[in-house]
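**Student:** I'm passing along target06.json; it holds JSON, C-alpha atoms.
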```json
[["chain", "number", "residue", "atom", "x", "y", "z"],
["A", 1, "MET", "CA", 110.43, 80.34, 100.43],
["A", 2, "GLU", "CA", 108.39, 80.67, 97.29],
["A", 3, "GLU", "CA", 107.64, 77.59, 95.16],
["A", 4, "LYS", "CA", 109.46, 78.99, 92.15],
["A", 5, "ARG", "CA", 112.90, 77.42, 91.80],
["A", 6, "TYR", "CA", 115.84, 79.16, 90.17],
["A", 7, "ASP", "CA", 119.16, 77.82, 88.94],
["A", 8, "TRP", "CA", 121.13, 79.90, 91.47],
["A", 9, "VAL", "CA", 119.36, 78.37, 94.49],
["A", 10, "ILE", "CA", 121.48, 76.27, 96.86],
["A", 11, "THR", "CA", 119.65, 73.11, 97.92],
["A", 12, "PRO", "CA", 119.58, 72.76, 101.74],
["A", 13, "ASP", "CA", 121.72, 69.87, 102.97],
["A", 14, "LYS", "CA", 120.96, 68.30, 106.34],
["A", 15, "ASN", "CA", 124.56, 67.20, 106.70],
["A", 16, "LYS", "CA", 126.00, 70.69, 106.18],
["A", 17, "HIS", "CA", 123.59, 73.48, 106.93],
["A", 18, "GLU", "CA", 122.84, 74.35, 110.56],
["A", 19, "TYR", "CA", 121.48, 77.89, 110.34],
["A", 20, "VAL", "CA", 119.44, 80.11, 108.08],
["A", 21, "ILE", "CA", 120.00, 83.86, 107.84],
["A", 22, "GLY", "CA", 117.27, 86.14, 106.58],
["A", 23, "ILE", "CA", 118.34, 89.54, 105.23],
["A", 24, "ASP", "CA", 116.08, 92.42, 104.26],
["A", 25, "PHE", "CA", 118.05, 94.82, 102.07],
["A", 26, "GLY", "CA", 115.58, 97.67, 102.40],
["A", 27, "HIS", "CA", 115.44, 100.83, 100.33],
["A", 28, "GLY", "CA", 115.99, 102.87, 103.50],
["A", 29, "GLU", "CA", 117.28, 100.40, 106.09],
["A", 30, "THR", "CA", 118.75, 96.92, 106.28],
["A", 31, "SER", "CA", 118.11, 94.29, 108.93],
["A", 32, "ALA", "CA", 118.82, 90.59, 109.41],
["A", 33, "ALA", "CA", 117.91, 87.68, 111.65],
["A", 34, "TYR", "CA", 118.89, 84.03, 112.01],
["A", 35, "CYS", "CA", 117.66, 80.79, 113.52],
["A", 36, "PRO", "CA", 118.71, 77.14, 113.64],
["A", 37, "ILE", "CA", 117.19, 75.16, 110.78],
["A", 38, "GLY", "CA", 116.00, 72.49, 113.20],
["A", 39, "TRP", "CA", 115.90, 69.63, 110.75],
["A", 40, "ASP", "CA", 114.36, 67.09, 113.15],
["A", 41, "THR", "CA", 112.66, 69.54, 115.51],
["A", 42, "PRO", "CA", 108.84, 69.35, 115.71],
["A", 43, "ARG", "CA", 107.21, 72.47, 114.25],
["A", 44, "GLY", "CA", 105.85, 73.67, 117.59],
["A", 45, "GLU", "CA", 109.27, 73.43, 119.25],
["A", 46, "MET", "CA", 111.31, 75.36, 116.69],
["A", 47, "LYS", "CA", 113.15, 78.41, 118.03],
["A", 48, "ASP", "CA", 112.10, 81.93, 117.09],
["A", 49, "PRO", "CA", 114.43, 83.96, 114.85],
["A", 50, "ILE", "CA", 116.97, 86.19, 116.60],
["A", 51, "ASP", "CA", 117.76, 89.67, 115.29],
["A", 52, "LEU", "CA", 121.40, 90.08, 114.32],
["A", 53, "ASP", "CA", 123.54, 92.84, 115.79],
["A", 54, "PHE", "CA", 125.46, 94.98, 113.30],
["A", 55, "GLY", "CA", 127.64, 96.44, 116.06],
["A", 56, "SER", "CA", 127.01, 98.76, 119.04],
["A", 57, "ASN", "CA", 123.74, 96.90, 119.63],
["A", 58, "LYS", "CA", 122.32, 98.14, 116.31],
["A", 59, "LYS", "CA", 119.70, 95.79, 114.84],
["A", 60, "VAL", "CA", 119.15, 98.03, 111.82],
["A", 61, "ILE", "CA", 121.55, 100.05, 109.67],
["A", 62, "PRO", "CA", 120.89, 102.65, 106.98],
["A", 63, "SER", "CA", 121.03, 101.17, 103.48],
["A", 64, "SER", "CA", 124.01, 103.30, 102.53],
["A", 65, "ILE", "CA", 127.43, 102.66, 101.04],
["A", 66, "CYS", "CA", 130.47, 104.76, 100.31],
["A", 67, "ILE", "CA", 133.23, 103.33, 98.09],
["A", 68, "THR", "CA", 136.54, 105.20, 98.11],
["A", 69, "ASP", "CA", 139.05, 105.45, 95.28],
["A", 70, "ASP", "CA", 141.10, 102.60, 96.79],
["A", 71, "ASP", "CA", 137.94, 100.39, 96.55],
["A", 72, "ARG", "CA", 137.29, 100.29, 100.29],
["A", 73, "ALA", "CA", 133.60, 100.16, 101.16],
["A", 74, "TYR", "CA", 131.89, 101.69, 104.19],
["A", 75, "ILE", "CA", 128.28, 100.82, 104.92],
["A", 76, "GLY", "CA", 125.54, 101.94, 107.30],
["A", 77, "THR", "CA", 126.41, 104.83, 109.59],
["A", 78, "ASP", "CA", 130.11, 104.38, 108.76],
["A", 79, "ALA", "CA", 129.36, 105.69, 105.27],
["A", 80, "PHE", "CA", 128.48, 109.08, 106.82],
["A", 81, "LEU", "CA", 131.68, 109.54, 108.82],
["A", 82, "SER", "CA", 133.29, 112.87, 107.95],
["A", 83, "GLU", "CA", 136.67, 111.30, 107.16],
["A", 84, "VAL", "CA", 134.95, 108.89, 104.77],
["A", 85, "LEU", "CA", 132.86, 111.57, 103.05],
["A", 86, "LYS", "CA", 136.05, 113.51, 102.33],
["A", 87, "LYS", "CA", 137.16, 110.60, 100.14],
["A", 88, "SER", "CA", 133.96, 109.83, 98.26],
["A", 89, "LYS", "CA", 130.21, 110.42, 98.16],
["A", 90, "VAL", "CA", 127.70, 108.29, 100.03],
["A", 91, "ASN", "CA", 125.09, 106.35, 98.04],
["A", 92, "VAL", "CA", 121.56, 105.93, 99.41],
["A", 93, "CYS", "CA", 118.18, 104.86, 97.97],
["A", 94, "PHE", "CA", 119.89, 102.74, 95.32],
["A", 95, "LYS", "CA", 117.67, 99.69, 95.69],
["A", 96, "GLN", "CA", 115.45, 99.30, 92.65],
["A", 97, "LYS", "CA", 113.78, 96.65, 90.57],
["A", 98, "PRO", "CA", 116.78, 95.12, 88.75],
["A", 99, "VAL", "CA", 116.89, 95.30, 84.98],
["A", 100, "ASP", "CA", 120.53, 94.77, 83.99],
["A", 101, "ILE", "CA", 123.01, 92.95, 86.23],
["A", 102, "ASN", "CA", 125.73, 95.21, 84.82],
["A", 103, "GLY", "CA", 123.77, 98.41, 85.47],
["A", 104, "ASP", "CA", 125.26, 101.01, 87.82],
["A", 105, "LYS", "CA", 122.68, 100.63, 90.58],
["A", 106, "GLU", "CA", 122.65, 96.86, 90.24],
["A", 107, "ARG", "CA", 126.47, 96.73, 90.61],
["A", 108, "LEU", "CA", 126.20, 99.01, 93.64],
["A", 109, "MET", "CA", 123.59, 96.72, 95.17],
["A", 110, "ILE", "CA", 125.79, 93.67, 94.56],
["A", 111, "ARG", "CA", 128.65, 95.36, 96.40],
["A", 112, "TYR", "CA", 126.32, 96.38, 99.21],
["A", 113, "MET", "CA", 124.99, 92.82, 99.55],
["A", 114, "HIS", "CA", 128.57, 91.55, 99.73],
["A", 115, "GLU", "CA", 129.57, 94.06, 102.42],
["A", 116, "VAL", "CA", 126.48, 93.43, 104.57],
["A", 117, "TYR", "CA", 126.97, 89.67, 104.45],
["A", 118, "LYS", "CA", 130.68, 90.08, 105.21],
["A", 119, "LEU", "CA", 129.81, 92.23, 108.23],
["A", 120, "ILE", "CA", 127.31, 89.67, 109.53],
["A", 121, "CYS", "CA", 129.91, 86.90, 109.33],
["A", 122, "ALA", "CA", 132.61, 89.10, 110.88],
["A", 123, "LYS", "CA", 130.38, 89.93, 113.86],
["A", 124, "ASN", "CA", 129.45, 86.25, 114.41],
["A", 125, "PRO", "CA", 132.57, 84.18, 113.58],
["A", 126, "ALA", "CA", 131.79, 81.40, 116.04],
["A", 127, "LEU", "CA", 128.22, 81.06, 114.82],
["A", 128, "PHE", "CA", 128.50, 81.26, 111.04],
["A", 129, "THR", "CA", 131.33, 79.29, 109.49],
["A", 130, "LYS", "CA", 131.88, 78.56, 105.81],
["A", 131, "GLY", "CA", 129.24, 76.15, 104.53],
["A", 132, "ASN", "CA", 127.19, 75.83, 107.73],
["A", 133, "HIS", "CA", 124.43, 78.30, 106.83],
["A", 134, "LEU", "CA", 122.10, 79.48, 104.09],
["A", 135, "VAL", "CA", 120.75, 82.94, 103.28],
["A", 136, "TYR", "CA", 117.25, 83.98, 102.26],
["A", 137, "ILE", "CA", 116.45, 87.49, 101.07],
["A", 138, "ALA", "CA", 113.26, 89.47, 100.51],
["A", 139, "THR", "CA", 111.97, 91.60, 97.64],
["A", 140, "PRO", "CA", 109.04, 93.97, 97.22],
["A", 141, "SER", "CA", 105.89, 91.93, 96.59],
["A", 142, "GLY", "CA", 105.22, 93.67, 93.28],
["A", 143, "TRP", "CA", 108.38, 92.36, 91.63],
["A", 144, "ASP", "CA", 107.77, 89.74, 88.94],
["A", 145, "ASP", "CA", 109.64, 86.43, 88.56],
["A", 146, "SER", "CA", 112.11, 87.95, 86.10],
["A", 147, "ALA", "CA", 113.15, 90.63, 88.61],
["A", 148, "LYS", "CA", 113.35, 88.12, 91.46],
["A", 149, "ASN", "CA", 115.48, 85.81, 89.33],
["A", 150, "LEU", "CA", 117.89, 88.64, 88.53],
["A", 151, "TYR", "CA", 117.98, 89.76, 92.18],
["A", 152, "GLY", "CA", 118.88, 86.20, 93.20],
["A", 153, "ARG", "CA", 121.67, 86.10, 90.63],
["A", 154, "MET", "CA", 122.95, 89.37, 92.06],
["A", 155, "ALA", "CA", 122.99, 87.87, 95.56],
["A", 156, "LYS", "CA", 124.88, 84.83, 94.32],
["A", 157, "GLU", "CA", 127.45, 87.05, 92.59],
["A", 158, "ALA", "CA", 127.77, 89.00, 95.85],
["A", 159, "GLY", "CA", 128.94, 85.79, 97.52],
["A", 160, "LEU", "CA", 125.83, 84.98, 99.54],
["A", 161, "PRO", "CA", 125.01, 81.26, 99.98],
["A", 162, "ILE", "CA", 121.58, 82.08, 98.65],
["A", 163, "ALA", "CA", 118.82, 79.51, 99.10],
["A", 164, "GLY", "CA", 115.73, 81.46, 98.17],
["A", 165, "ILE", "CA", 113.68, 84.63, 97.94],
["A", 166, "THR", "CA", 110.39, 85.58, 99.54],
["A", 167, "SER", "CA", 108.13, 88.59, 99.17],
["A", 168, "GLU", "CA", 108.41, 91.13, 101.98],
["A", 169, "SER", "CA", 104.71, 91.19, 102.86],
["A", 170, "ARG", "CA", 104.57, 87.37, 102.68],
["A", 171, "ALA", "CA", 107.25, 87.26, 105.38],
["A", 172, "ALA", "CA", 105.18, 89.70, 107.48],
["A", 173, "PHE", "CA", 102.07, 87.58, 106.89],
["A", 174, "VAL", "CA", 103.80, 84.39, 108.06],
["A", 175, "LYS", "CA", 105.17, 86.18, 111.15],
["A", 176, "ALA", "CA", 101.71, 87.51, 112.04],
["A", 177, "GLN", "CA", 100.14, 84.11, 111.45],
["A", 178, "GLN", "CA", 102.50, 82.56, 114.02],
["A", 179, "ASP", "CA", 101.92, 85.28, 116.62],
["A", 180, "PRO", "CA", 98.68, 84.82, 118.62],
["A", 181, "SER", "CA", 98.83, 88.43, 119.85],
["A", 182, "SER", "CA", 98.49, 89.70, 116.25],
["A", 183, "GLY", "CA", 94.89, 88.49, 116.06],
["A", 184, "LEU", "CA", 95.53, 86.92, 112.67],
["A", 185, "PRO", "CA", 95.43, 83.23, 113.74],
["A", 186, "GLN", "CA", 92.00, 83.66, 115.35],
["A", 187, "TYR", "CA", 90.37, 85.22, 112.29],
["A", 188, "ILE", "CA", 92.38, 83.85, 109.38],
["A", 189, "ASP", "CA", 89.55, 81.53, 108.32],
["A", 190, "LYS", "CA", 87.41, 84.63, 107.65],
["A", 191, "GLY", "CA", 90.03, 86.21, 105.43],
["A", 192, "ALA", "CA", 93.05, 88.34, 106.23],
["A", 193, "ILE", "CA", 95.36, 90.94, 104.72],
["A", 194, "VAL", "CA", 98.74, 92.21, 105.91],
["A", 195, "PHE", "CA", 100.29, 95.47, 104.72],
["A", 196, "ASP", "CA", 103.99, 96.27, 104.72],
["A", 197, "MET", "CA", 104.73, 99.95, 104.08],
["A", 198, "GLY", "CA", 108.40, 100.33, 103.26],
["A", 199, "SER", "CA", 110.52, 103.24, 102.13],
["A", 200, "SER", "CA", 109.94, 102.63, 98.41],
["A", 201, "THR", "CA", 106.95, 100.28, 98.13],
["A", 202, "LEU", "CA", 103.60, 99.47, 99.70],
["A", 203, "ASP", "CA", 103.25, 95.68, 99.75],
["A", 204, "PHE", "CA", 100.41, 93.46, 100.85],
["A", 205, "THR", "CA", 99.57, 89.78, 101.15],
["A", 206, "TYR", "CA", 96.02, 88.49, 101.42],
["A", 207, "LEU", "CA", 94.00, 85.29, 101.37],
["A", 208, "GLN", "CA", 91.78, 84.50, 98.42],
["A", 209, "GLY", "CA", 90.08, 81.21, 99.15],
["A", 210, "ASP", "CA", 92.89, 78.74, 99.70],
["A", 211, "SER", "CA", 95.43, 80.88, 97.82],
["A", 212, "VAL", "CA", 97.84, 83.45, 99.25],
["A", 213, "ILE", "CA", 98.26, 86.49, 96.97],
["A", 214, "ASP", "CA", 101.22, 88.90, 97.06],
["A", 215, "PHE", "CA", 101.10, 92.31, 95.43],
["A", 216, "GLY", "CA", 102.58, 95.77, 95.80],
["A", 217, "TYR", "CA", 102.79, 99.32, 94.51],
["A", 218, "ASP", "CA", 105.65, 101.81, 94.12],
["A", 219, "CYS", "CA", 104.21, 104.02, 96.82],
["A", 220, "GLY", "CA", 106.44, 103.87, 99.88],
["A", 221, "ALA", "CA", 107.08, 106.28, 102.74],
["A", 222, "SER", "CA", 109.88, 108.05, 100.84],
["A", 223, "PHE", "CA", 107.35, 109.24, 98.26],
["A", 224, "VAL", "CA", 105.25, 110.73, 101.06],
["A", 225, "GLU", "CA", 108.30, 112.50, 102.46],
["A", 226, "LYS", "CA", 109.22, 113.88, 99.03],
["A", 227, "SER", "CA", 105.70, 115.24, 98.62],
["A", 228, "ILE", "CA", 105.81, 116.89, 102.03],
["A", 229, "TYR", "CA", 109.18, 118.51, 101.37],
["A", 230, "ALA", "CA", 108.41, 119.48, 97.76],
["A", 231, "ASN", "CA", 107.14, 122.92, 98.78],
["A", 232, "LYS", "CA", 109.64, 123.49, 101.59]]
```
Starting from the coordinates I provided, produce the structure as structure tokens.
**Tutor:**
Amino acid sequence: MEEKRYDWVITPDKNKHEYVIGIDFGHGETSAAYCPIGWDTPRGEMKDPIDLDFGSNKKVIPSSICITDDDRAYIGTDAFLSEVLKKSKVNVCFKQKPVDINGDKERLMIRYMHEVYKLICAKNPALFTKGNHLVYIATPSGWDDSAKNLYGRMAKEAGLPIAGITSESRAAFVKAQQDPSSGLPQYIDKGAIVFDMGSSTLDFTYLQGDSVIDFGYDCGASFVEKSIYANK
């Protein structure tokens, strides 16, 4: 989690919280993982995160949502079912840098966050009970503190027990740093950079002396696809 503290952050409580869930609400796809917090577990003995199943052994779902006139929401592949599309249109690519919590895309993202979290809990009722877990989410590395603060407020309004936010490429950097097969641990003292190319942004994290720097550009894979299809 980043050092910046926000007023919506839930403080971890050793007497209550057993698990942490990490959710990546991507521009194109959404994924999640969890692991025991391991309060008294030595660092080298902590368990690796486990990818969460969204149903039918799917570890990833499309970032899509369809809300019908009776206010029922369908997410992921369910949003593309023919019987659902007859009732309302499907929304995709709605993740953006938040500006106004009451904006149309921001309200849609809040509903999507709520539905994803509800699905995770519904698929794992014996694992995640009320009050026994915390949620961390990720944002593009180019977002400033103001955008991250607003995104966190959106997550709280969506009903997530939100405990913090990290940059997407920072999460990739930490994962690579802990994986000997990545090559990063062996050469990190000479400098290192990790890129994360998403659907909407190109993010990277690099070492500058003893500091870790996060940055990103609005140049994701979807822009490449749009350029390819522009003349077709």
**Student:** Do a neighbour search on Asn149 (chain A) at 12 Å with only C-alpha atoms, toss out local chain neighbours closer than 3 positions, and write the hits as a PDB file with C-alpha atoms, keeping the file's coordinate frame.
**Tutor:**
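Written out: selection_2.pdb:
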```pdb
ATOM      1  CA  GLU A   2     108.390  80.670  97.290  1.00  0.00           C
ATOM      2  CA  LYS A   4     109.460  78.990  92.150  1.00  0.00           C
ATOM      3  CA  ARG A   5     112.900  77.420  91.800  1.00  0.00           C
ATOM      4  CA  TYR A   6     115.840  79.160  90.170  1.00  0.00           C
ATOM      5  CA  ASP A   7     119.160  77.820  88.940  1.00  0.00           C
ATOM      6  CA  TRP A   8     121.130  79.900  91.470  1.00  0.00           C
ATOM      7  CA  VAL A   9     119.360  78.370  94.490  1.00  0.00           C
ATOM      8  CA  LYS A  97     113.780  96.650  90.570  1.00  0.00           C
ATOM      9  CA  PRO A  98     116.780  95.120  88.750  1.00  0.00           C
ATOM     10  CA  VAL A  99     116.890  95.300  84.980  1.00  0.00           C
ATOM     11  CA  ASP A 100     120.530  94.770  83.990  1.00  0.00           C
ATOM     12  CA  ILE A 101     123.010  92.950  86.230  1.00  0.00           C
ATOM     13  CA  ILE A 137     116.450  87.490 101.070  1.00  0.00           C
ATOM     14  CA  ALA A 138     113.260  89.470 100.510  1.00  0.00           C
ATOM     15  CA  THR A 139     111.970  91.600  97.640  1.00  0.00           C
ATOM     16  CA  TRP A 143     108.380  92.360  91.630  1.00  0.00           C
ATOM     17  CA  ASP A 144     107.770  89.740  88.940  1.00  0.00           C
ATOM     18  CA  ASP A 145     109.640  86.430  88.560  1.00  0.00           C
ATOM     19  CA  SER A 146     112.110  87.950  86.100  1.00  0.00           C
ATOM     20  CA  GLY A 152     118.880  86.200  93.200  1.00  0.00           C
ATOM     21  CA  ARG A 153     121.670  86.100  90.630  1.00  0.00           C
ATOM     22  CA  MET A 154     122.950  89.370  92.060  1.00  0.00           C
ATOM     23  CA  ALA A 155     122.990  87.870  95.560  1.00  0.00           C
ATOM     24  CA  LYS A 156     124.880  84.830  94.320  1.00  0.00           C
ATOM     25  CA  ILE A 162     121.580  82.080  98.650  1.00  0.00           C
ATOM     26  CA  GLY A 164     115.730  81.460  98.170  1.00  0.00           C
ATOM     27  CA  ILE A 165     113.680  84.630  97.940  1.00  0.00           C
ATOM     28  CA  THR A 166     110.390  85.580  99.540  1.00  0.00           C
TER      29      THR A 166
END
```
**Student:** Report, in Å to a single decimal, how far apart CA of Tyr19 (chain A) and CA of Phe128 (chain A) are.
**Tutor:**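 The value is 7.8 Å.
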**Student:** Kindly provide the residues of region 101-165 of chain A that approach region 189-212 of chain A to within 10 Å, each paired with its closest atom pair and their distance in Å to one decimal, based on all atoms listed in the file, listed by chain and increasing number, as CSV.
**Tutor:**
```
residue,atom,partner,partner_atom,distance
A:Thr139,CA,A:Asp203,CA,9.9
A:Pro140,CA,A:Asp203,CA,6.5
A:Ser141,CA,A:Asp203,CA,5.6
A:Gly142,CA,A:Asp203,CA,7.1
```
**Student:** Nearest to Ser167 (chain A): which of A:Ile23, A:Thr41, A:Tyr34, A:Leu52 is it, counting all atoms listed in the file?
**Tutor:**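 Under the stated criterion, the closest residue is A:Ile23.
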**Student:** Just want the 10 Å neighbourhood of region 48-50 of chain A, counted on only C-alpha atoms, with same-chain residues fewer than 6 positions away dropped. Output as a list in words.
**Tutor:**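 Non-adjacent residues within range: Val20, Ile21, Gly22, Ala32, Ala33, Tyr34, Cys35 and Pro36 of chain A.
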**Student:** As JSON, please: the centre and edge lengths in Å, to one decimal, of an axis-aligned box enclosing every listed atom of region 215-230 of chain A with 3 Å added on each side.
**Tutor:**
```
{"center_x": 105.5, "center_y": 105.9, "center_z": 98.4, "size_x": 14.8, "size_y": 33.2, "size_z": 14.6}
```
